[in-house]
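Heads up, data22.pdb below (PDB, C-alpha atoms):
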```
MODEL        1
ATOM      1  CA  MET A  22     -12.675 -29.632  19.469  1.00  0.00           C
ATOM      2  CA  VAL A  23     -16.042 -31.280  18.832  1.00  0.00           C
ATOM      3  CA  SER A  24     -17.884 -28.491  20.607  1.00  0.00           C
ATOM      4  CA  ILE A  25     -16.021 -25.865  18.576  1.00  0.00           C
ATOM      5  CA  VAL A  26     -17.045 -27.513  15.318  1.00  0.00           C
ATOM      6  CA  LEU A  27     -20.612 -27.950  16.536  1.00  0.00           C
ATOM      7  CA  LEU A  28     -21.050 -24.392  17.798  1.00  0.00           C
ATOM      8  CA  SER A  29     -19.459 -22.779  14.769  1.00  0.00           C
ATOM      9  CA  THR A  30     -21.610 -24.904  12.451  1.00  0.00           C
ATOM     10  CA  LEU A  31     -24.660 -23.668  14.320  1.00  0.00           C
ATOM     11  CA  ALA A  32     -23.448 -20.096  13.944  1.00  0.00           C
ATOM     12  CA  GLY A  33     -22.696 -20.686  10.281  1.00  0.00           C
ATOM     13  CA  LEU A  34     -26.263 -21.874   9.748  1.00  0.00           C
ATOM     14  CA  GLY A  35     -27.319 -18.287  10.498  1.00  0.00           C
ATOM     15  CA  THR A  36     -26.101 -17.372   7.019  1.00  0.00           C
ATOM     16  CA  GLY A  37     -28.339 -20.072   5.581  1.00  0.00           C
ATOM     17  CA  LEU A  38     -31.185 -18.655   7.657  1.00  0.00           C
ATOM     18  CA  GLY A  39     -30.635 -15.278   6.002  1.00  0.00           C
ATOM     19  CA  GLY A  40     -30.801 -17.072   2.670  1.00  0.00           C
ATOM     20  CA  LEU A  41     -34.212 -18.444   3.656  1.00  0.00           C
ATOM     21  CA  VAL A  42     -35.584 -14.898   3.662  1.00  0.00           C
ATOM     22  CA  VAL A  43     -36.048 -15.002  -0.088  1.00  0.00           C
ATOM     23  CA  LEU A  44     -36.774 -18.714  -0.268  1.00  0.00           C
ATOM     24  CA  VAL A  45     -40.469 -18.166   0.285  1.00  0.00           C
ATOM     25  CA  ARG A  46     -41.179 -16.569  -3.073  1.00  0.00           C
ATOM     26  CA  LYS A  47     -39.539 -14.292  -5.582  1.00  0.00           C
ATOM     27  CA  PRO A  48     -39.739 -10.914  -3.875  1.00  0.00           C
ATOM     28  CA  GLU A  49     -41.423  -7.916  -5.439  1.00  0.00           C
ATOM     29  CA  GLU A  50     -39.115  -5.239  -6.818  1.00  0.00           C
ATOM     30  CA  LYS A  51     -39.908  -2.766  -4.054  1.00  0.00           C
ATOM     31  CA  LEU A  52     -39.523  -5.400  -1.341  1.00  0.00           C
ATOM     32  CA  PHE A  53     -36.324  -6.588  -2.989  1.00  0.00           C
ATOM     33  CA  VAL A  54     -34.657  -3.169  -2.937  1.00  0.00           C
ATOM     34  CA  PHE A  55     -35.925  -2.585   0.621  1.00  0.00           C
ATOM     35  CA  LEU A  56     -34.407  -5.893   1.800  1.00  0.00           C
ATOM     36  CA  ILE A  57     -31.097  -5.093   0.108  1.00  0.00           C
ATOM     37  CA  GLY A  58     -31.080  -1.724   1.852  1.00  0.00           C
ATOM     38  CA  LEU A  59     -31.908  -3.472   5.125  1.00  0.00           C
ATOM     39  CA  ALA A  60     -29.040  -5.952   4.764  1.00  0.00           C
ATOM     40  CA  ALA A  61     -26.710  -3.074   3.782  1.00  0.00           C
ATOM     41  CA  GLY A  62     -27.782  -1.013   6.797  1.00  0.00           C
ATOM     42  CA  LEU A  63     -27.274  -3.929   9.194  1.00  0.00           C
ATOM     43  CA  MET A  64     -23.859  -4.703   7.758  1.00  0.00           C
ATOM     44  CA  ILE A  65     -22.606  -1.099   7.785  1.00  0.00           C
ATOM     45  CA  MET A  66     -23.749  -0.383  11.331  1.00  0.00           C
ATOM     46  CA  LEU A  67     -22.419  -3.707  12.652  1.00  0.00           C
ATOM     47  CA  SER A  68     -19.083  -3.092  10.932  1.00  0.00           C
ATOM     48  CA  PHE A  69     -18.568   0.247  12.614  1.00  0.00           C
ATOM     49  CA  MET A  70     -20.252  -0.301  15.973  1.00  0.00           C
ATOM     50  CA  GLU A  71     -18.971  -3.822  16.686  1.00  0.00           C
ATOM     51  CA  LEU A  72     -16.054  -4.836  14.487  1.00  0.00           C
ATOM     52  CA  LEU A  73     -14.189  -1.577  14.011  1.00  0.00           C
ATOM     53  CA  SER A  74     -14.825  -0.326  17.540  1.00  0.00           C
ATOM     54  CA  ASP A  75     -13.558  -3.593  19.076  1.00  0.00           C
ATOM     55  CA  SER A  76     -10.524  -3.487  16.817  1.00  0.00           C
ATOM     56  CA  LEU A  77      -9.783   0.094  17.844  1.00  0.00           C
ATOM     57  CA  ARG A  78     -10.193  -0.743  21.516  1.00  0.00           C
ATOM     58  CA  ILE A  79      -7.825  -3.732  21.380  1.00  0.00           C
ATOM     59  CA  SER A  80      -5.112  -2.435  19.102  1.00  0.00           C
ATOM     60  CA  GLY A  81      -5.445   1.278  18.499  1.00  0.00           C
ATOM     61  CA  LEU A  82      -5.798   3.144  15.252  1.00  0.00           C
ATOM     62  CA  PHE A  83      -2.972   1.833  13.108  1.00  0.00           C
ATOM     63  CA  PRO A  84      -3.629  -1.953  12.982  1.00  0.00           C
ATOM     64  CA  ALA A  85      -7.351  -1.258  12.709  1.00  0.00           C
ATOM     65  CA  ALA A  86      -6.763   1.066   9.763  1.00  0.00           C
ATOM     66  CA  VAL A  87      -4.464  -1.424   8.022  1.00  0.00           C
ATOM     67  CA  GLY A  88      -7.055  -4.200   8.425  1.00  0.00           C
ATOM     68  CA  PHE A  89      -9.914  -2.060   7.165  1.00  0.00           C
ATOM     69  CA  ILE A  90      -8.010  -0.899   4.091  1.00  0.00           C
ATOM     70  CA  ALA A  91      -6.764  -4.444   3.367  1.00  0.00           C
ATOM     71  CA  GLY A  92     -10.340  -5.753   3.560  1.00  0.00           C
ATOM     72  CA  SER A  93     -11.753  -3.284   1.068  1.00  0.00           C
ATOM     73  CA  LEU A  94      -8.723  -3.434  -1.220  1.00  0.00           C
ATOM     74  CA  ILE A  95      -8.879  -7.231  -1.490  1.00  0.00           C
ATOM     75  CA  LEU A  96     -12.555  -7.092  -2.471  1.00  0.00           C
ATOM     76  CA  PHE A  97     -11.739  -4.378  -5.018  1.00  0.00           C
ATOM     77  CA  ILE A  98      -9.028  -6.564  -6.575  1.00  0.00           C
ATOM     78  CA  LEU A  99     -11.341  -9.597  -6.471  1.00  0.00           C
ATOM     79  CA  ASP A 100     -13.896  -7.584  -8.432  1.00  0.00           C
ATOM     80  CA  PHE A 101     -11.322  -7.165 -11.214  1.00  0.00           C
ATOM     81  CA  LEU A 102     -10.110 -10.754 -11.122  1.00  0.00           C
ATOM     82  CA  LEU A 103     -13.495 -12.481 -11.287  1.00  0.00           C
ATOM     83  CA  PRO A 104     -14.483 -13.214 -14.879  1.00  0.00           C
ATOM     84  CA  HIS A 105     -17.438 -11.155 -16.010  1.00  0.00           C
ATOM     85  CA  LYS A 106     -19.257 -13.982 -17.768  1.00  0.00           C
ATOM     86  CA  HIS A 107     -20.221 -17.541 -16.933  1.00  0.00           C
ATOM     87  CA  ILE A 108     -18.535 -17.567 -13.570  1.00  0.00           C
ATOM     88  CA  VAL A 109     -21.135 -19.955 -12.221  1.00  0.00           C
ATOM     89  CA  SER A 110     -23.595 -21.828 -14.373  1.00  0.00           C
ATOM     90  CA  GLU A 111     -27.089 -22.227 -13.008  1.00  0.00           C
ATOM     91  CA  LYS A 112     -30.235 -23.156 -14.853  1.00  0.00           C
ATOM     92  CA  GLY A 113     -32.742 -20.422 -15.641  1.00  0.00           C
ATOM     93  CA  VAL A 114     -30.395 -17.500 -15.076  1.00  0.00           C
ATOM     94  CA  ILE A 115     -31.685 -14.430 -16.890  1.00  0.00           C
ATOM     95  CA  ASP A 116     -29.353 -11.897 -15.347  1.00  0.00           C
ATOM     96  CA  ALA A 117     -25.771 -13.184 -15.240  1.00  0.00           C
ATOM     97  CA  LYS A 118     -24.483  -9.925 -13.777  1.00  0.00           C
ATOM     98  CA  MET A 119     -26.717 -10.314 -10.753  1.00  0.00           C
ATOM     99  CA  LEU A 120     -25.521 -13.869 -10.205  1.00  0.00           C
ATOM    100  CA  ARG A 121     -21.934 -12.632 -10.382  1.00  0.00           C
ATOM    101  CA  THR A 122     -22.690  -9.972  -7.773  1.00  0.00           C
ATOM    102  CA  GLY A 123     -24.160 -12.599  -5.459  1.00  0.00           C
ATOM    103  CA  THR A 124     -21.120 -14.815  -5.936  1.00  0.00           C
ATOM    104  CA  LEU A 125     -18.721 -11.951  -5.223  1.00  0.00           C
ATOM    105  CA  ILE A 126     -20.621 -11.131  -2.053  1.00  0.00           C
ATOM    106  CA  ALA A 127     -20.543 -14.792  -1.007  1.00  0.00           C
ATOM    107  CA  ILE A 128     -16.763 -14.934  -1.472  1.00  0.00           C
ATOM    108  CA  GLY A 129     -16.299 -11.658   0.373  1.00  0.00           C
ATOM    109  CA  ILE A 130     -18.410 -12.779   3.299  1.00  0.00           C
ATOM    110  CA  SER A 131     -16.533 -16.064   3.453  1.00  0.00           C
ATOM    111  CA  LEU A 132     -13.302 -14.061   3.705  1.00  0.00           C
ATOM    112  CA  THR A 133     -14.564 -12.556   6.940  1.00  0.00           C
ATOM    113  CA  ILE A 134     -14.931 -15.920   8.706  1.00  0.00           C
ATOM    114  CA  PHE A 135     -11.778 -15.427  10.718  1.00  0.00           C
ATOM    115  CA  GLN A 136     -13.257 -12.466  12.515  1.00  0.00           C
ATOM    116  CA  ARG A 137     -16.272 -14.518  13.603  1.00  0.00           C
ATOM    117  CA  VAL A 138     -14.598 -17.836  14.314  1.00  0.00           C
ATOM    118  CA  LEU A 139     -11.931 -16.161  16.405  1.00  0.00           C
ATOM    119  CA  LEU A 140     -14.601 -15.347  18.939  1.00  0.00           C
ATOM    120  CA  LEU A 141     -15.750 -18.941  19.445  1.00  0.00           C
ATOM    121  CA  PRO A 142     -12.587 -20.800  20.517  1.00  0.00           C
ATOM    122  CA  GLN A 143     -11.652 -17.885  22.725  1.00  0.00           C
ATOM    123  CA  ALA A 144     -14.997 -18.032  24.460  1.00  0.00           C
ATOM    124  CA  ILE A 145     -14.752 -21.794  24.947  1.00  0.00           C
ATOM    125  CA  HIS A 146     -11.164 -21.476  26.130  1.00  0.00           C
ATOM    126  CA  MET A 147     -12.165 -18.896  28.702  1.00  0.00           C
ATOM    127  CA  ARG A 148     -15.007 -21.034  29.940  1.00  0.00           C
ATOM    128  CA  GLN A 149     -12.775 -24.074  30.362  1.00  0.00           C
ATOM    129  CA  LYS A 150     -10.296 -21.946  32.302  1.00  0.00           C
ATOM    130  CA  SER A 151     -12.918 -20.672  34.693  1.00  0.00           C
ATOM    131  CA  ALA A 152     -14.421 -24.135  35.196  1.00  0.00           C
TER     132      ALA A 152
ATOM    133  CA  MET B  10     -24.145 -20.574  23.521  1.00  0.00           C
ATOM    134  CA  ILE B  11     -24.998 -16.885  23.748  1.00  0.00           C
ATOM    135  CA  ILE B  12     -21.982 -16.086  21.587  1.00  0.00           C
ATOM    136  CA  THR B  13     -23.082 -18.727  19.072  1.00  0.00           C
ATOM    137  CA  ILE B  14     -26.509 -17.119  18.854  1.00  0.00           C
ATOM    138  CA  ALA B  15     -24.942 -13.662  18.532  1.00  0.00           C
ATOM    139  CA  ILE B  16     -22.714 -14.821  15.684  1.00  0.00           C
ATOM    140  CA  ALA B  17     -25.639 -16.587  14.000  1.00  0.00           C
ATOM    141  CA  LEU B  18     -27.650 -13.350  14.217  1.00  0.00           C
ATOM    142  CA  ASN B  19     -24.679 -11.501  12.720  1.00  0.00           C
ATOM    143  CA  ASN B  20     -24.735 -13.928   9.833  1.00  0.00           C
ATOM    144  CA  ILE B  21     -28.374 -13.413   8.892  1.00  0.00           C
ATOM    145  CA  PRO B  22     -27.958 -10.083   7.018  1.00  0.00           C
ATOM    146  CA  GLU B  23     -24.984 -11.606   5.229  1.00  0.00           C
ATOM    147  CA  GLY B  24     -27.092 -14.541   4.101  1.00  0.00           C
ATOM    148  CA  MET B  25     -29.685 -12.058   2.837  1.00  0.00           C
ATOM    149  CA  ALA B  26     -27.001 -10.083   1.002  1.00  0.00           C
ATOM    150  CA  ILE B  27     -25.797 -13.235  -0.729  1.00  0.00           C
ATOM    151  CA  ALA B  28     -29.193 -14.706  -1.501  1.00  0.00           C
ATOM    152  CA  LEU B  29     -31.110 -11.663  -2.790  1.00  0.00           C
ATOM    153  CA  PRO B  30     -28.968 -10.906  -5.887  1.00  0.00           C
ATOM    154  CA  ILE B  31     -28.691 -14.601  -6.756  1.00  0.00           C
ATOM    155  CA  ARG B  32     -32.451 -15.034  -6.495  1.00  0.00           C
ATOM    156  CA  MET B  33     -33.091 -11.967  -8.631  1.00  0.00           C
ATOM    157  CA  SER B  34     -30.740 -13.283 -11.303  1.00  0.00           C
ATOM    158  CA  GLY B  35     -33.370 -15.922 -12.046  1.00  0.00           C
ATOM    159  CA  ALA B  36     -31.481 -18.828 -10.500  1.00  0.00           C
ATOM    160  CA  SER B  37     -33.530 -21.336  -8.548  1.00  0.00           C
ATOM    161  CA  ARG B  38     -34.399 -20.977  -4.881  1.00  0.00           C
ATOM    162  CA  TRP B  39     -32.275 -23.999  -4.158  1.00  0.00           C
ATOM    163  CA  ALA B  40     -29.275 -22.319  -5.834  1.00  0.00           C
ATOM    164  CA  GLU B  41     -29.420 -19.196  -3.686  1.00  0.00           C
ATOM    165  CA  PHE B  42     -30.024 -21.110  -0.479  1.00  0.00           C
ATOM    166  CA  ARG B  43     -27.155 -23.461  -1.277  1.00  0.00           C
ATOM    167  CA  VAL B  44     -24.673 -20.608  -1.842  1.00  0.00           C
ATOM    168  CA  ALA B  45     -25.745 -18.855   1.382  1.00  0.00           C
ATOM    169  CA  LEU B  46     -25.478 -22.118   3.304  1.00  0.00           C
ATOM    170  CA  LEU B  47     -22.063 -22.966   1.815  1.00  0.00           C
ATOM    171  CA  SER B  48     -20.753 -19.573   2.801  1.00  0.00           C
ATOM    172  CA  GLY B  49     -22.008 -20.161   6.339  1.00  0.00           C
ATOM    173  CA  LEU B  50     -20.387 -23.571   6.495  1.00  0.00           C
ATOM    174  CA  THR B  51     -16.940 -22.094   5.900  1.00  0.00           C
ATOM    175  CA  GLU B  52     -17.324 -21.079   9.534  1.00  0.00           C
ATOM    176  CA  PRO B  53     -16.554 -24.433  11.238  1.00  0.00           C
ATOM    177  CA  ALA B  54     -13.535 -24.843   8.927  1.00  0.00           C
ATOM    178  CA  GLY B  55     -12.218 -21.504  10.123  1.00  0.00           C
ATOM    179  CA  ALA B  56     -13.016 -22.387  13.735  1.00  0.00           C
ATOM    180  CA  VAL B  57     -10.897 -25.548  13.600  1.00  0.00           C
ATOM    181  CA  ILE B  58      -7.957 -23.658  12.080  1.00  0.00           C
ATOM    182  CA  THR B  59      -8.330 -21.024  14.763  1.00  0.00           C
ATOM    183  CA  ALA B  60      -8.541 -23.569  17.589  1.00  0.00           C
ATOM    184  CA  VAL B  61      -5.344 -25.254  16.452  1.00  0.00           C
ATOM    185  CA  PHE B  62      -3.380 -22.011  16.183  1.00  0.00           C
ATOM    186  CA  LEU B  63      -5.190 -20.270  19.008  1.00  0.00           C
ATOM    187  CA  THR B  64      -2.323 -18.386  20.577  1.00  0.00           C
ATOM    188  CA  THR B  65      -0.814 -17.169  17.314  1.00  0.00           C
ATOM    189  CA  LEU B  66      -4.101 -16.146  15.819  1.00  0.00           C
ATOM    190  CA  SER B  67      -5.509 -14.260  18.773  1.00  0.00           C
ATOM    191  CA  GLU B  68      -2.850 -11.644  18.188  1.00  0.00           C
ATOM    192  CA  LEU B  69      -4.343 -11.161  14.741  1.00  0.00           C
ATOM    193  CA  MET B  70      -7.789 -10.585  16.245  1.00  0.00           C
ATOM    194  CA  PRO B  71      -7.917  -6.763  15.916  1.00  0.00           C
ATOM    195  CA  PHE B  72      -6.658  -7.043  12.345  1.00  0.00           C
ATOM    196  CA  ALA B  73      -9.264  -9.726  11.511  1.00  0.00           C
ATOM    197  CA  LEU B  74     -12.043  -7.595  13.011  1.00  0.00           C
ATOM    198  CA  SER B  75     -11.247  -4.468  11.034  1.00  0.00           C
ATOM    199  CA  PHE B  76     -10.522  -6.562   7.927  1.00  0.00           C
ATOM    200  CA  ALA B  77     -14.076  -7.910   8.129  1.00  0.00           C
ATOM    201  CA  ALA B  78     -15.399  -4.394   8.624  1.00  0.00           C
ATOM    202  CA  GLY B  79     -13.552  -3.243   5.503  1.00  0.00           C
ATOM    203  CA  VAL B  80     -14.938  -6.151   3.464  1.00  0.00           C
ATOM    204  CA  MET B  81     -18.515  -5.590   4.610  1.00  0.00           C
ATOM    205  CA  VAL B  82     -18.547  -1.828   4.079  1.00  0.00           C
ATOM    206  CA  PHE B  83     -16.981  -2.236   0.637  1.00  0.00           C
ATOM    207  CA  ILE B  84     -19.563  -4.867  -0.345  1.00  0.00           C
ATOM    208  CA  THR B  85     -22.467  -2.630   0.631  1.00  0.00           C
ATOM    209  CA  VAL B  86     -21.082   0.424  -1.149  1.00  0.00           C
ATOM    210  CA  ASP B  87     -19.676  -1.266  -4.240  1.00  0.00           C
ATOM    211  CA  GLU B  88     -22.209  -4.061  -4.801  1.00  0.00           C
ATOM    212  CA  LEU B  89     -25.388  -4.058  -2.746  1.00  0.00           C
ATOM    213  CA  ILE B  90     -26.542  -0.457  -3.096  1.00  0.00           C
ATOM    214  CA  PRO B  91     -25.650  -0.154  -6.821  1.00  0.00           C
ATOM    215  CA  ILE B  92     -27.554  -3.329  -7.758  1.00  0.00           C
ATOM    216  CA  ALA B  93     -30.540  -2.187  -5.720  1.00  0.00           C
ATOM    217  CA  HIS B  94     -30.494   1.142  -7.549  1.00  0.00           C
ATOM    218  CA  GLU B  95     -30.455  -0.630 -10.917  1.00  0.00           C
ATOM    219  CA  HIS B  96     -33.968  -1.767 -10.081  1.00  0.00           C
ATOM    220  CA  GLY B  97     -35.193   1.743  -9.312  1.00  0.00           C
ATOM    221  CA  HIS B  98     -37.328   2.610  -6.251  1.00  0.00           C
ATOM    222  CA  GLU B  99     -34.244   4.239  -4.672  1.00  0.00           C
ATOM    223  CA  HIS B 100     -36.198   5.533  -1.704  1.00  0.00           C
ATOM    224  CA  PHE B 101     -37.138   2.008  -0.659  1.00  0.00           C
ATOM    225  CA  THR B 102     -33.443   1.109  -0.514  1.00  0.00           C
ATOM    226  CA  SER B 103     -32.680   4.180   1.580  1.00  0.00           C
ATOM    227  CA  PHE B 104     -35.578   3.391   3.868  1.00  0.00           C
ATOM    228  CA  GLY B 105     -34.284  -0.182   4.293  1.00  0.00           C
ATOM    229  CA  LEU B 106     -30.842   1.223   5.068  1.00  0.00           C
ATOM    230  CA  ILE B 107     -32.217   3.382   7.878  1.00  0.00           C
ATOM    231  CA  VAL B 108     -34.322   0.517   9.263  1.00  0.00           C
ATOM    232  CA  GLY B 109     -31.136  -1.585   9.219  1.00  0.00           C
ATOM    233  CA  PHE B 110     -29.289   1.104  11.210  1.00  0.00           C
ATOM    234  CA  ILE B 111     -32.095   1.324  13.755  1.00  0.00           C
ATOM    235  CA  LEU B 112     -32.379  -2.466  14.087  1.00  0.00           C
ATOM    236  CA  THR B 113     -28.643  -2.839  14.702  1.00  0.00           C
ATOM    237  CA  LEU B 114     -28.538  -0.045  17.256  1.00  0.00           C
ATOM    238  CA  ALA B 115     -31.626  -1.406  19.030  1.00  0.00           C
ATOM    239  CA  LEU B 116     -30.069  -4.874  19.121  1.00  0.00           C
ATOM    240  CA  LEU B 117     -26.818  -3.496  20.526  1.00  0.00           C
ATOM    241  CA  ALA B 118     -28.751  -1.487  23.112  1.00  0.00           C
ATOM    242  CA  ALA B 119     -30.644  -4.637  24.125  1.00  0.00           C
ATOM    243  CA  ILE B 120     -27.453  -6.699  24.503  1.00  0.00           C
ATOM    244  CA  ARG B 121     -25.511  -4.142  26.530  1.00  0.00           C
TER     245      ARG B 121
ENDMDL
END
```

Take the structure in the file and give it back as structure tokens.
Amino acid sequence: MVSIVLLSTLAGLGTGLGGLVVLVRKPEEKLFVFLIGLAAGLMIMLSFMELLSDSLRISGLFPAAVGFIAGSLILFILDFLLPHKHIVSEKGVIDAKMLRTGTLIAIGISLTIFQRVLLLPQAIHMRQKSA
Amino acid sequence: MIITIAIALNNIPEGMAIALPIRMSGASRWAEFRVALLSGLTEPAGAVITAVFLTTLSELMPFALSFAAGVMVFITVDELIPIAHEHGHEHFTSFGLIVGFILTLALLAAIR
């Protein structure tokens, strides 16, 4: 149990590492839109090549399709439910809409934890079996 | 350990996706880093839940995988790309997108 918590915390720190990308200084507009495109490209390709393809291989088309549709639908509903103003208060915010977008993305990403954490205990379990 | 590193690498673009809009909203560096970090730290919580209900939850694995794919694709299409386009320089976004595709494919090619 301790090793599961430890390893998944380490993995979770990767998200913080991504956050460090813009910690250095406020990025230029052109760099900013490039980085957003980069993150979008990584996420789209990973979704299809890793997540969806694994899902298809394990379960076939139907459960994979249901999961995919549920994932996007829940985010769509969340977009409606989140208040459009003053969702989070932070000092110095000029663009509240942008902050809301970031928050929505953070919630959405957090919703996907099960996919990632499922891998860890299984891997540890397998290793203990073989040992 | 290799799986941990792989998952951590997976998380980096997500951290970027969370942090960039928050940073551009004018919030402090600390604020964006904190949100990205918090989102990452939901991971051990999920891992404990999963470990406890291992057998039940592994049957949900394919569903969880494609659920995550649906969430991520929707976020890019509905949030990330539109906010990038609000700032203009559309070609830089598209270029980043293609570099992201190439990076992912190269990484997958290197792993396999």

Point to revise | Test item: residues at most 12 Å from region 92-96 of chain A, only C-alpha atoms, excluding those fewer than 4 positions along its chain, as number ranges by chain | key: A: 68, 73, 85-88, 100-103, 122, 125-133, 136; B: 72-88

Practice item. Kindly extract all protein, DNA and RNA residues lying within 6 Å of the coordinates (-25.0, 0.4, 16.4) given in the file, considering all atoms listed in the file, and supply them as a PyMOL selection string. Key: (chain A and resi 66+70) or (chain B and resi 113-114+117)

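When all atoms listed in the file are used to measure the gap to chain A, the shortest distance among B:His94, B:Leu106, B:Ala118, B:Val44 belongs to B:Leu106.
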
Write out as a PDB file with C-alpha atoms, keeping the file's coordinate frame each polymer residue whose atoms come within 8 Å of region 50-60 of chain A, counting only C-alpha atoms; drop sequence neighbours fewer than 5 positions from it.
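Contents of part15.pdb, freshly written:
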```
ATOM      1  CA  PRO B  22     -27.958 -10.083   7.018  1.00  0.00           C
ATOM      2  CA  GLU B  23     -24.984 -11.606   5.229  1.00  0.00           C
ATOM      3  CA  MET B  25     -29.685 -12.058   2.837  1.00  0.00           C
ATOM      4  CA  ALA B  26     -27.001 -10.083   1.002  1.00  0.00           C
ATOM      5  CA  LEU B  29     -31.110 -11.663  -2.790  1.00  0.00           C
ATOM      6  CA  LEU B  89     -25.388  -4.058  -2.746  1.00  0.00           C
ATOM      7  CA  ILE B  90     -26.542  -0.457  -3.096  1.00  0.00           C
ATOM      8  CA  ALA B  93     -30.540  -2.187  -5.720  1.00  0.00           C
ATOM      9  CA  HIS B  94     -30.494   1.142  -7.549  1.00  0.00           C
ATOM     10  CA  HIS B  96     -33.968  -1.767 -10.081  1.00  0.00           C
ATOM     11  CA  HIS B  98     -37.328   2.610  -6.251  1.00  0.00           C
ATOM     12  CA  GLU B  99     -34.244   4.239  -4.672  1.00  0.00           C
ATOM     13  CA  PHE B 101     -37.138   2.008  -0.659  1.00  0.00           C
ATOM     14  CA  THR B 102     -33.443   1.109  -0.514  1.00  0.00           C
ATOM     15  CA  SER B 103     -32.680   4.180   1.580  1.00  0.00           C
ATOM     16  CA  PHE B 104     -35.578   3.391   3.868  1.00  0.00           C
ATOM     17  CA  GLY B 105     -34.284  -0.182   4.293  1.00  0.00           C
ATOM     18  CA  LEU B 106     -30.842   1.223   5.068  1.00  0.00           C
ATOM     19  CA  ILE B 107     -32.217   3.382   7.878  1.00  0.00           C
ATOM     20  CA  VAL B 108     -34.322   0.517   9.263  1.00  0.00           C
ATOM     21  CA  GLY B 109     -31.136  -1.585   9.219  1.00  0.00           C
TER      22      GLY B 109
END
```

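Between CA of Ser74 (chain A) and CA of Met70 (chain B) lies a distance of 12.5 Å.
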
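Here CA of Phe97 (chain A) is placed at a distance of 23.9 Å from CA of Leu46 (chain B).
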
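Among the candidates B:Leu69, B:Pro91, B:Asn20, B:Ala40, the one nearest to Leu120 (chain A) when counting only C-alpha atoms is B:Ala40.
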
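The two atoms in question, CA of Ser48 (chain B) and CA of Met64 (chain A), are spaced 16.0 Å apart.
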
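The smallest atom-to-atom distance between chain A and any of B:Ile21, B:Leu47, B:Ile92, B:Ala119, using only C-alpha atoms, is found for B:Ile21.
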